[in-house]
$ cat my_file06.txt   # compact mmCIF, C-alpha atoms
# COMPACT_ATOMS: atom_id res chain seq x y z
CA MET A 86 -6.46 22.41 -20.72
CA GLU A 87 -2.94 21.32 -21.71
CA VAL A 88 -1.44 23.25 -18.80
CA MET A 89 -3.89 21.63 -16.37
CA MET A 90 -3.14 18.14 -17.68
CA TYR A 91 0.58 18.85 -17.41
CA LEU A 92 0.20 19.89 -13.77
CA ILE A 93 -1.96 16.88 -12.96
CA ARG A 94 0.38 14.37 -14.57
CA ASN A 95 3.70 15.91 -13.53
CA VAL A 96 3.08 17.81 -10.30
CA PHE A 97 -0.08 16.78 -8.49
CA SER A 98 0.43 13.08 -9.24
CA GLN A 99 3.66 13.32 -7.22
CA ALA A 100 2.72 12.77 -3.59
CA VAL A 101 5.81 14.61 -2.37
CA PHE A 102 4.48 17.89 -3.85
CA ILE A 103 1.07 17.36 -2.23
CA ILE A 104 2.80 16.84 1.13
CA GLY A 105 4.92 19.96 0.64
CA ILE A 106 1.89 22.09 -0.32
CA VAL A 107 0.02 20.84 2.76
CA VAL A 108 2.89 21.89 5.03
CA ILE A 109 3.09 25.33 3.40
CA ILE A 110 -0.67 25.89 3.75
CA GLY A 111 -0.73 24.58 7.33
CA MET A 112 2.17 26.69 8.51
CA ALA A 113 0.96 29.78 6.65
CA ALA A 114 -2.41 29.36 8.40
CA GLN A 115 -0.48 29.47 11.69
CA LYS A 116 1.15 32.72 10.53
CA LYS A 117 4.64 31.23 10.46
CA THR A 118 7.33 33.22 8.68
CA TRP A 119 9.03 32.03 5.50
CA ASP A 120 12.25 31.17 7.35
CA GLN A 121 10.24 28.82 9.57
CA ILE A 122 8.19 27.37 6.71
CA LEU A 123 11.03 26.61 4.28
CA PRO A 124 13.09 24.28 6.54
CA SER A 125 9.96 22.45 7.66
CA VAL A 126 8.80 21.93 4.07
CA ILE A 127 12.20 20.63 2.98
CA LYS A 128 12.52 18.26 5.95
CA THR A 129 8.99 16.94 5.42
CA MET A 130 9.55 16.38 1.71
CA ILE A 131 12.90 14.68 2.32
CA GLY A 132 11.33 12.47 4.99
CA PHE A 133 8.48 11.56 2.67
CA THR A 134 10.90 10.87 -0.19
CA MET A 135 12.87 8.52 2.06
CA ILE A 136 9.65 6.64 2.91
CA ASN A 137 8.44 6.59 -0.68
CA VAL A 138 11.70 5.65 -2.38
CA GLY A 139 12.49 3.20 0.41
CA GLY A 140 9.10 1.54 0.04
CA GLN A 141 9.26 1.37 -3.75
CA THR A 142 12.81 -0.01 -3.80
CA LEU A 143 12.04 -2.45 -1.02
CA GLY A 144 9.05 -3.69 -2.99
CA MET A 145 11.09 -3.97 -6.19
CA SER A 146 13.69 -6.07 -4.34
CA LEU A 147 11.02 -8.74 -3.85
CA LEU A 148 10.41 -9.24 -7.58
CA PRO A 149 13.14 -11.91 -8.05
CA LEU A 150 11.20 -14.03 -5.54
CA GLN A 151 8.17 -13.81 -7.82
CA THR A 152 10.19 -15.11 -10.77
CA MET A 153 11.52 -18.04 -8.73
CA ILE A 154 8.14 -18.94 -7.21
CA THR A 155 6.64 -18.92 -10.71
CA LYS A 156 9.29 -21.50 -11.67
CA ILE A 157 8.61 -23.63 -8.56
CA PHE A 158 4.89 -23.85 -9.36
CA ASN A 159 5.52 -24.24 -13.11
CA LEU A 160 3.34 -21.25 -13.98
CA PRO A 161 3.42 -19.19 -17.17
CA GLU A 162 5.91 -16.35 -16.83
CA ILE A 163 4.16 -13.23 -15.54
CA PRO A 164 5.90 -9.90 -16.39
CA VAL A 165 7.26 -8.00 -13.37
CA ASP A 166 8.51 -4.83 -15.09
CA ILE A 167 6.52 -2.08 -13.35
CA GLY A 168 7.56 0.64 -15.81
CA ALA A 169 6.45 -1.36 -18.85
CA ALA A 170 3.25 -2.48 -17.13
CA GLN A 171 2.39 1.09 -16.16
CA SER A 172 3.02 2.38 -19.68
CA GLU A 173 0.84 -0.36 -21.19
CA SER A 174 -1.91 0.06 -18.60
CA LEU A 175 -2.22 3.84 -18.93
CA SER A 176 -2.24 3.86 -22.72
CA GLY A 177 -6.02 3.38 -22.91
CA ILE A 178 -7.20 5.39 -19.91
CA GLY A 179 -4.50 8.00 -19.21
CA THR A 180 -6.62 11.13 -19.72
CA GLU A 181 -9.64 9.86 -17.81
CA MET A 182 -7.40 8.60 -15.01
CA ALA A 183 -5.63 11.95 -14.61
CA LEU A 184 -8.89 13.94 -14.52
CA ILE A 185 -10.55 11.53 -12.07
CA PHE A 186 -7.46 11.75 -9.85
CA ALA A 187 -7.47 15.57 -9.75
CA LEU A 188 -11.23 16.04 -9.35
CA GLY A 189 -11.46 13.17 -6.86
CA PHE A 190 -9.09 15.03 -4.55
CA VAL A 191 -11.33 18.09 -4.81
CA VAL A 192 -14.32 15.92 -3.82
CA ASN A 193 -12.33 14.61 -0.85
CA LEU A 194 -11.54 18.16 0.30
CA LEU A 195 -15.19 19.23 -0.07
CA LEU A 196 -16.39 16.22 1.94
CA ALA A 197 -13.80 16.93 4.63
CA ARG A 198 -14.82 20.60 4.78
CA PHE A 199 -18.61 20.27 4.73
CA THR A 200 -19.39 16.89 6.30
CA ARG A 201 -18.52 15.24 9.60
CA PHE A 202 -15.94 13.04 7.85
CA LYS A 203 -12.90 15.26 8.42
CA TYR A 204 -10.26 13.18 6.67
CA VAL A 205 -7.85 14.52 4.06
CA HIS A 206 -6.29 11.76 1.95
CA LEU A 207 -2.62 12.70 1.40
CA SER A 208 -1.27 9.51 -0.21
CA ALA A 209 -1.41 10.78 -3.78
CA HIS A 210 0.35 7.71 -5.19
CA VAL A 211 -2.46 5.56 -3.75
CA SER A 212 -5.30 7.71 -5.10
CA PHE A 213 -3.55 8.01 -8.50
CA PHE A 214 -3.59 4.25 -9.14
CA TYR A 215 -7.04 3.89 -7.62
CA ALA A 216 -8.21 6.55 -10.08
CA GLY A 217 -6.87 4.27 -12.79
CA LEU A 218 -8.87 1.33 -11.47
CA ILE A 219 -12.08 3.37 -11.43
CA ALA A 220 -11.37 4.76 -14.90
CA ALA A 221 -10.77 1.24 -16.26
CA LEU A 222 -13.94 -0.20 -14.71
CA LEU A 223 -16.02 2.67 -16.09
CA LYS A 224 -14.39 2.77 -19.51
CA PHE A 225 -14.40 -0.99 -20.15
CA GLY A 226 -17.62 -1.72 -18.27
CA THR A 227 -19.92 1.12 -19.38
CA SER A 228 -20.85 3.11 -22.45
CA LEU A 229 -20.34 6.49 -20.72
CA SER A 230 -18.72 9.28 -22.70
CA THR A 231 -15.70 11.09 -21.28
CA ILE A 232 -17.39 13.89 -19.31
CA PRO A 233 -19.95 11.77 -17.39
CA LEU A 234 -17.32 9.05 -16.95
CA VAL A 235 -14.93 11.51 -15.32
CA ALA A 236 -17.71 13.03 -13.18
CA VAL A 237 -18.87 9.64 -11.87
CA GLY A 238 -15.28 8.52 -11.39
CA ALA A 239 -14.33 11.64 -9.44
CA VAL A 240 -17.26 11.20 -7.04
CA LEU A 241 -16.39 7.53 -6.55
CA LEU A 242 -12.73 8.33 -5.92
CA GLY A 243 -13.48 11.23 -3.56
CA CYS A 244 -15.86 9.07 -1.54
CA TYR A 245 -13.32 6.24 -1.42
CA MET A 246 -10.55 8.61 -0.27
CA THR A 247 -12.73 10.06 2.47
CA PHE A 248 -14.56 7.03 3.82
CA SER A 249 -11.63 4.59 3.70
CA CYS A 250 -9.69 7.03 5.91
CA ALA A 251 -12.75 7.32 8.15
CA TYR A 252 -13.28 3.63 8.89
CA VAL A 253 -9.55 2.99 9.35
CA ALA A 254 -9.54 5.83 11.91
CA LEU A 255 -12.01 3.83 14.04
CA PHE A 256 -9.28 1.26 14.69
CA MET A 257 -6.25 3.55 15.06
CA LYS A 258 -6.60 4.18 18.80
CA GLU A 259 -5.24 0.75 19.71
CA VAL A 260 -2.24 1.03 17.37
CA LYS A 261 1.08 2.19 18.80
CA GLY A 262 2.47 5.22 16.98
CA GLY A 263 -0.86 6.00 15.32
CA GLU A 264 -1.64 9.22 17.14
CA GLY A 265 -2.62 12.33 15.21
CA PHE A 266 -3.35 10.74 11.82
CA THR A 267 -5.25 8.00 10.03
CA LEU A 268 -4.08 5.80 7.15
CA ALA A 269 -4.69 6.58 3.49
CA HIS A 270 -3.78 3.35 1.75
CA SER A 271 -5.33 0.76 -0.55
CA SER A 272 -5.21 -1.84 2.23
CA SER A 273 -8.08 -0.15 4.10
CA VAL A 274 -10.65 -2.93 3.72
CA GLY A 275 -7.99 -5.45 4.79
CA ILE A 276 -7.38 -3.33 7.90
CA LEU A 277 -11.13 -3.23 8.58
CA ILE A 278 -11.61 -6.99 8.18
CA SER A 279 -8.43 -7.85 10.09
CA SER A 280 -9.39 -5.62 13.02
CA LEU A 281 -12.92 -7.05 13.22
CA LEU A 282 -11.71 -10.66 12.99
CA ALA A 283 -9.02 -9.97 15.58
CA LYS A 284 -11.58 -8.52 17.99
CA ALA A 285 -13.85 -11.54 17.46
CA PHE A 286 -11.32 -14.39 17.52
CA GLY A 287 -8.04 -13.00 18.86
CA ASN A 288 -6.55 -12.49 22.29
CA LYS A 289 -5.16 -9.01 22.79
CA GLU A 290 -3.11 -10.05 25.81
CA HIS A 291 -0.79 -12.20 23.67
CA ASP A 292 1.00 -9.36 21.89
CA LEU A 293 3.14 -10.55 19.00
CA GLU A 294 5.67 -7.81 19.74
CA ASN A 295 6.22 -9.08 23.31
CA ILE A 296 7.50 -12.54 22.46
CA ASN A 297 10.08 -13.65 25.00
CA VAL A 298 13.46 -14.46 23.46
CA PRO A 299 16.75 -15.41 25.12
CA LYS A 300 18.90 -12.45 26.09
CA LYS A 301 21.52 -13.37 23.51
CA LEU A 302 18.86 -13.04 20.79
CA ASN A 303 17.56 -9.64 21.90
CA PHE A 304 19.13 -8.13 18.79
CA LEU A 305 16.28 -9.72 16.80
CA ARG A 306 13.89 -7.16 18.30
CA GLU A 307 15.48 -4.53 16.05
CA MET A 308 13.53 -4.45 12.79
CA THR A 309 16.54 -3.84 10.56
CA ILE A 310 18.35 -6.91 11.93
CA SER A 311 15.38 -9.27 12.03
CA LEU A 312 14.14 -8.38 8.55
CA THR A 313 17.64 -8.73 7.08
CA ILE A 314 17.98 -12.24 8.53
CA VAL A 315 14.46 -13.36 7.59
CA MET A 316 14.70 -12.07 4.02
CA THR A 317 18.15 -13.65 3.55
CA ILE A 318 16.76 -17.03 4.64
CA LEU A 319 13.66 -16.57 2.46
CA PHE A 320 15.68 -15.70 -0.66
CA LEU A 321 18.03 -18.63 -0.06
CA ALA A 322 15.19 -21.11 0.51
CA ILE A 323 13.29 -20.00 -2.62
CA SER A 324 16.51 -20.07 -4.67
CA LEU A 325 17.16 -23.67 -3.58
CA LEU A 326 13.58 -24.74 -4.29
CA SER A 327 13.64 -23.19 -7.77
CA GLY A 328 16.91 -24.99 -8.50
CA PRO A 329 20.35 -23.43 -7.79
CA SER A 330 21.58 -23.77 -11.37
CA TRP A 331 18.33 -22.33 -12.80
CA ALA A 332 18.41 -19.43 -10.31
CA LEU A 333 22.06 -18.80 -11.15
CA GLU A 334 21.27 -18.53 -14.84
CA ASN A 335 17.90 -16.76 -14.78
CA VAL A 336 17.74 -14.66 -11.58
CA THR A 337 21.05 -13.95 -9.87
CA GLY A 338 22.98 -12.93 -12.98
CA GLY A 339 25.63 -15.57 -12.35
CA GLN A 340 26.04 -14.63 -8.68
CA ASP A 341 26.29 -17.46 -6.16
CA ILE A 342 22.85 -17.95 -4.57
CA LEU A 343 24.23 -17.66 -1.02
CA VAL A 344 25.90 -14.34 -1.81
CA PHE A 345 22.84 -13.21 -3.79
CA SER A 346 20.50 -14.03 -0.88
CA PHE A 347 22.67 -12.29 1.70
CA LEU A 348 22.99 -9.15 -0.43
CA LYS A 349 19.21 -9.10 -0.97
CA GLY A 350 18.68 -9.44 2.78
CA LEU A 351 21.10 -6.59 3.46
CA SER A 352 19.40 -4.43 0.83
CA PHE A 353 16.02 -5.12 2.40
CA GLY A 354 17.31 -4.18 5.85
CA MET A 355 18.92 -1.03 4.49
CA TRP A 356 15.71 0.21 2.85
CA ILE A 357 13.71 -0.54 5.99
CA THR A 358 16.21 1.66 7.86
CA VAL A 359 15.70 4.41 5.27
CA ILE A 360 11.92 4.14 5.74
CA ILE A 361 12.16 4.30 9.54
CA THR A 362 14.43 7.36 9.37
CA GLY A 363 12.02 9.04 6.93
CA VAL A 364 9.07 8.25 9.20
CA ARG A 365 10.66 10.06 12.13
CA MET A 366 11.64 13.02 9.97
CA MET A 367 8.26 13.45 8.33
CA LEU A 368 6.04 12.93 11.38
CA SER A 369 7.93 15.50 13.43
CA GLU A 370 6.97 18.17 10.88
CA ILE A 371 3.70 17.31 9.14
CA ILE A 372 1.51 16.69 12.21
CA ALA A 373 2.44 20.10 13.63
CA ALA A 374 1.93 21.78 10.25
CA PHE A 375 -1.44 20.09 9.72
CA HIS A 376 -2.74 21.70 12.90
CA GLY A 377 -2.96 24.93 10.91
CA ILE A 378 -5.27 23.31 8.38
CA ALA A 379 -7.29 21.61 11.13
CA ASN A 380 -7.73 24.88 13.03
CA LYS A 381 -8.19 27.42 10.23
CA ILE A 382 -9.20 25.84 6.91
CA ILE A 383 -10.87 22.44 7.47
CA PRO A 384 -11.79 22.47 11.17
CA ASN A 385 -10.96 19.27 13.09
CA SER A 386 -9.53 17.61 10.00
CA VAL A 387 -7.17 14.62 10.23
CA PRO A 388 -4.47 13.75 7.69
CA GLY A 389 -4.48 10.35 5.99
CA LEU A 390 -0.90 9.12 5.60
CA ASP A 391 0.90 6.01 4.34
CA ILE A 392 1.28 2.70 6.21
CA PRO A 393 5.09 2.55 6.69
CA LEU A 394 4.61 5.14 9.44
CA LEU A 395 3.51 2.25 11.67
CA PHE A 396 6.32 -0.18 10.82
CA PRO A 397 8.89 0.92 13.45
CA ASN A 398 6.69 -0.18 16.36
CA TYR A 399 5.69 -3.55 14.86
CA PRO A 400 8.74 -5.42 13.50
CA ASN A 401 7.38 -8.91 14.27
CA SER A 402 3.99 -8.12 12.77
CA VAL A 403 5.58 -6.83 9.56
CA ILE A 404 7.51 -10.08 9.05
CA LEU A 405 4.71 -12.45 10.10
CA GLY A 406 2.09 -10.55 8.11
CA PHE A 407 4.07 -10.72 4.88
CA LEU A 408 4.82 -14.44 5.21
CA THR A 409 1.27 -15.34 6.26
CA SER A 410 -0.32 -13.37 3.41
CA LEU A 411 2.14 -14.95 0.98
CA ILE A 412 1.27 -18.48 2.17
CA ALA A 413 -2.46 -17.68 1.91
CA GLY A 414 -1.95 -16.29 -1.61
CA LEU A 415 -0.05 -19.40 -2.74
CA LEU A 416 -2.77 -21.65 -1.31
CA GLY A 417 -5.42 -19.56 -3.08
CA MET A 418 -3.46 -19.80 -6.32
CA MET A 419 -3.37 -23.61 -6.04
CA VAL A 420 -7.12 -23.73 -5.36
CA LEU A 421 -7.77 -21.69 -8.51
CA GLY A 422 -5.48 -24.02 -10.43
CA LEU A 423 -7.39 -27.09 -9.21
CA LEU A 424 -10.63 -25.40 -10.28
CA ASN A 425 -9.13 -24.72 -13.74
CA TYR A 426 -9.90 -21.02 -13.36
CA PRO A 427 -9.41 -19.44 -16.80
CA VAL A 428 -7.27 -16.50 -15.58
CA VAL A 429 -3.79 -17.34 -14.28
CA VAL A 430 -3.08 -15.31 -11.13
CA PHE A 431 -0.10 -15.11 -8.82
CA PRO A 432 0.42 -13.44 -5.43
CA ALA A 433 1.87 -10.03 -6.34
CA LEU A 434 4.72 -9.69 -3.85
CA ILE A 435 4.81 -5.90 -3.47
CA PRO A 436 1.18 -5.62 -2.29
CA THR A 437 1.52 -8.89 -0.37
CA PHE A 438 4.34 -7.40 1.68
CA PHE A 439 2.74 -4.04 2.46
CA THR A 440 -0.87 -5.15 2.95
CA GLY A 441 0.19 -8.30 4.80
CA ALA A 442 2.32 -6.20 7.14
CA VAL A 443 -0.36 -3.64 7.94
CA THR A 444 -3.19 -6.17 8.38
CA ALA A 445 -0.99 -8.08 10.82
CA ILE A 446 -0.26 -4.81 12.66
CA PHE A 447 -3.96 -4.12 13.15
CA GLY A 448 -4.73 -7.77 13.83
CA ASN A 449 -2.09 -7.79 16.56
CA ALA A 450 -3.22 -4.45 17.99
CA HIS A 451 -6.78 -5.75 18.38
CA GLY A 452 -6.27 -9.48 18.89
CA GLY A 453 -2.64 -10.31 19.59
CA ARG A 454 -0.74 -13.09 17.81
CA ARG A 455 -3.89 -14.93 16.76
CA GLY A 456 -5.43 -11.75 15.40
CA ALA A 457 -2.29 -10.97 13.37
CA ILE A 458 -2.26 -14.43 11.79
CA ILE A 459 -5.99 -14.52 11.03
CA GLY A 460 -6.06 -10.97 9.64
CA SER A 461 -3.04 -11.32 7.35
CA PHE A 462 -4.13 -14.80 6.16
CA VAL A 463 -7.56 -13.52 5.13
CA ASN A 464 -5.82 -10.55 3.49
CA GLY A 465 -3.75 -12.95 1.35
CA LEU A 466 -6.89 -14.77 0.24
CA ILE A 467 -8.59 -11.50 -0.73
CA LEU A 468 -5.53 -10.49 -2.75
CA ILE A 469 -5.49 -13.67 -4.84
CA PHE A 470 -9.21 -14.38 -5.31
CA GLY A 471 -10.06 -10.71 -5.77
CA GLN A 472 -7.35 -10.33 -8.40
CA ALA A 473 -8.75 -13.36 -10.24
CA LEU A 474 -12.19 -11.74 -10.36
CA LEU A 475 -10.90 -8.26 -11.17
CA LEU A 476 -8.55 -8.85 -14.11
CA PRO A 477 -11.23 -9.75 -16.70
CA MET A 478 -13.09 -6.50 -15.91
CA ILE A 479 -10.40 -3.87 -16.48
CA GLY A 480 -9.12 -4.30 -20.02
CA SER A 481 -5.76 -2.61 -20.63
CA TYR A 482 -5.32 -1.78 -16.94
CA ALA A 483 -4.72 -5.46 -16.11
CA PRO A 484 -0.88 -5.49 -16.41
CA ILE A 485 -0.32 -2.97 -13.60
CA MET A 486 -2.95 -4.66 -11.43
CA ARG A 487 -1.06 -7.96 -11.73
CA ILE A 488 1.85 -6.24 -9.99
CA LEU A 489 0.27 -3.62 -7.72
CA SER A 490 -3.22 -4.95 -6.96
CA GLU A 491 -3.63 -4.33 -3.23
CA THR A 492 -6.54 -5.33 -1.01
CA ASP A 493 -8.90 -2.48 -1.88
CA TYR A 494 -8.42 -3.04 -5.62
CA SER A 495 -9.08 -6.77 -5.19
CA PHE A 496 -12.11 -6.28 -2.92
CA TYR A 497 -13.90 -3.17 -4.16
CA GLY A 498 -12.93 -3.54 -7.83
CA PRO A 499 -14.98 -6.69 -8.54
CA ILE A 500 -17.91 -5.31 -6.53
CA LEU A 501 -18.00 -2.13 -8.62
CA GLY A 502 -17.63 -4.21 -11.78
CA TRP A 503 -20.62 -6.37 -10.82
CA ILE A 504 -22.73 -3.31 -9.97
CA LEU A 505 -21.99 -1.84 -13.40
CA ARG A 506 -23.03 -5.12 -15.04
CA MET A 507 -26.24 -5.19 -13.03
CA PHE A 508 -27.14 -1.79 -14.42
CA GLY A 509 -26.35 -2.96 -17.92
CA GLY A 510 -23.18 -0.96 -18.30
CA MET A 511 -25.11 2.27 -17.61
$ encode --input "my_file06.txt" --output "structure tokens"
Amino acid sequence: MEVMMYLIRNVFSQAVFIIGIVVIIGMAAQKKTWDQILPSVIKTMIGFTMINVGGQTLGMSLLPLQTMITKIFNLPEIPVDIGAAQSESLSGIGTEMALIFALGFVVNLLLARFTRFKYVHLSAHVSFFYAGLIAALLKFGTSLSTIPLVAVGAVLLGCYMTFSCAYVALFMKEVKGGEGFTLAHSSSVGILISSLLAKAFGNKEHDLENINVPKKLNFLREMTISLTIVMTILFLAISLLSGPSWALENVTGGQDILVFSFLKGLSFGMWITVIITGVRMMLSEIIAAFHGIANKIIPNSVPGLDIPLLFPNYPNSVILGFLTSLIAGLLGMMVLGLLNYPVVVFPALIPTFFTGAVTAIFGNAHGGRRGAIIGSFVNGLILIFGQALLLPMIGSYAPIMRILSETDYSFYGPILGWILRMFGGM
């Protein structure tokens, strides 16, 4: 048992190892030799690491904005230390979370093998934290003992992993660069809602990525450049609004706010470049390797991968989606304040960036500029109101959800919590 828990917590909870194992299995199924498998595995794992580290660091670079916006709106200080929040959150549910995570992946593989839903969820970091949400809802909302709690949780997680990939796949055909895979990410319900709203109210002919700009501004079409400029302006504007002297003392570490903002913008652009490079490296290897699994082990299966794979083709949508979701979240926060809602909530900037970006991508793909704005705005509202409903239900798991609560957590979490209450805590 101790060996299994060690492997779950230290090996299988690391998405990069899952990706590497998938490539090995896929290429072995194609009868590739070790000298062909080894370079492909290394390149895939390096590409994935670039995407993962780039995404995490990029998200962390947004946290100073959260501190300054908290000051602007005169809110109680909300901790933004992910390491401390994760340690506190897992202290009460760590064992159940790890077991649900491992067995949930098994359920996903069984569903992919024996049903018509041929989707293998490969974003282990996503399913790991979602396992924590399920464990928290069951542990703090029911009287189940450990074994039935883990069994119910594993089924719930496996179904979520499979079916979220399945309904996202329905909308992938219209998305540039989305061939050969679906998305396995906790923004899936935001993608679903954004795509449906975009189809109903958008205009696909007005593509956000085809905005006409003067020739001298064509450099803004490059994601690295445009994001660097936008984030520099955003950091500078928020620093000024929070008060230059206050920002200097409490956020920038004594660094001039103009220099601080420009360096943050450059850092953001650099990590986006790392992500884009990793995307190209990983996709060139894993799709080909996965054909072995699709042909030999789980026939017709499709891999579920992470959302930054779509970013290179949608630079405008990434920027607009983040800003629109952020504005929606701030408006939602003010509404809750006016209603004197007992739980103080704040738009968590890491999920706001990633889920806002991807909902705008799908909104644009299915409904142009209008679809991107509508989809990412609704996403921002789900993030803030869903978080407000979720936090009272999850006990010690609340600190990490304040920082990483993405659309699926905020949407499905309260629904599951209400269902458990309806059944009297089982």
$ closest_residue --input "my_file06.txt" --among "A:Leu466, A:Ile103, A:Met507, A:Val191" --to "Leu411 in chain A" --atoms "all atoms listed in the file"
A:Leu466
$ closest_residue --input "my_file06.txt" --among "A:Phe462, A:Trp119, A:Tyr426, A:Phe438" --to "Gly414 in chain A" --atoms "all atoms listed in the file"
A:Phe462
$ residues_around --input "my_file06.txt" --residues "range 144-146 of chain A" --least-positions-apart "4" --cutoff "12 Å" --atoms "all atoms listed in the file" --output "count of residues only"
39
$ closest_residue --input "my_file06.txt" --among "A:Val420, A:Ala220, A:Ile106, A:Val443" --to "Met257 in chain A" --atoms "all atoms listed in the file"
A:Val443
$ residues_around --input "my_file06.txt" --residues "Ile278 in chain A" --least-positions-apart "5" --cutoff "9 Å" --atoms "all atoms listed in the file" --output "PyMOL selection string"
chain A and resi 273+283+444+448+460+463-464
$ atom_distance --input "my_file06.txt" --atom1 "CA of Phe266 in chain A" --atom2 "CA of Ala239 in chain A"
23.9 Å
$ atom_distance --input "my_file06.txt" --atom1 "CA of Ser386 in chain A" --atom2 "CA of Lys284 in chain A"
27.4 Å
$ residues_near_point --input "my_file06.txt" --point "(17.1, 1.9, 12.3)" --cutoff "9 Å" --atoms "all atoms listed in the file" --output "PyMOL selection string"
chain A and resi 307-310+354-355+357-362+397
$ atom_distance --input "my_file06.txt" --atom1 "CA of Cys250 in chain A" --atom2 "CA of His206 in chain A"
7.0 Å
$ axis_aligned_box --input "my_file06.txt" --around "range 256-275 of chain A" --padding-each-side "6 Å" --output "JSON"
{"center_x": -4.1, "center_y": 3.4, "center_z": 9.6, "size_x": 25.1, "size_y": 29.8, "size_z": 32.3}
$ residues_near_point --input "my_file06.txt" --point "(5.8, -8.4, 9.3)" --cutoff "9 Å" --atoms "only C-alpha atoms" --output "ChimeraX atom specification"
/A:312,396,399-409,438-439,441-443,445-446
$ closest_residue --input "my_file06.txt" --among "A:Ile131, A:Ala254, A:Ile154, A:Leu424" --to "Leu326 in chain A" --atoms "only C-alpha atoms"
A:Ile154
$ closest_residue --input "my_file06.txt" --among "A:Phe199, A:Val387, A:Ile219, A:Gly338" --to "Ile500 in chain A" --atoms "all atoms listed in the file"
A:Ile219
$ closest_residue --input "my_file06.txt" --among "A:Ser125, A:Ser279, A:Thr267, A:Ser330" --to "Gly111 in chain A" --atoms "all atoms listed in the file"
A:Ser125
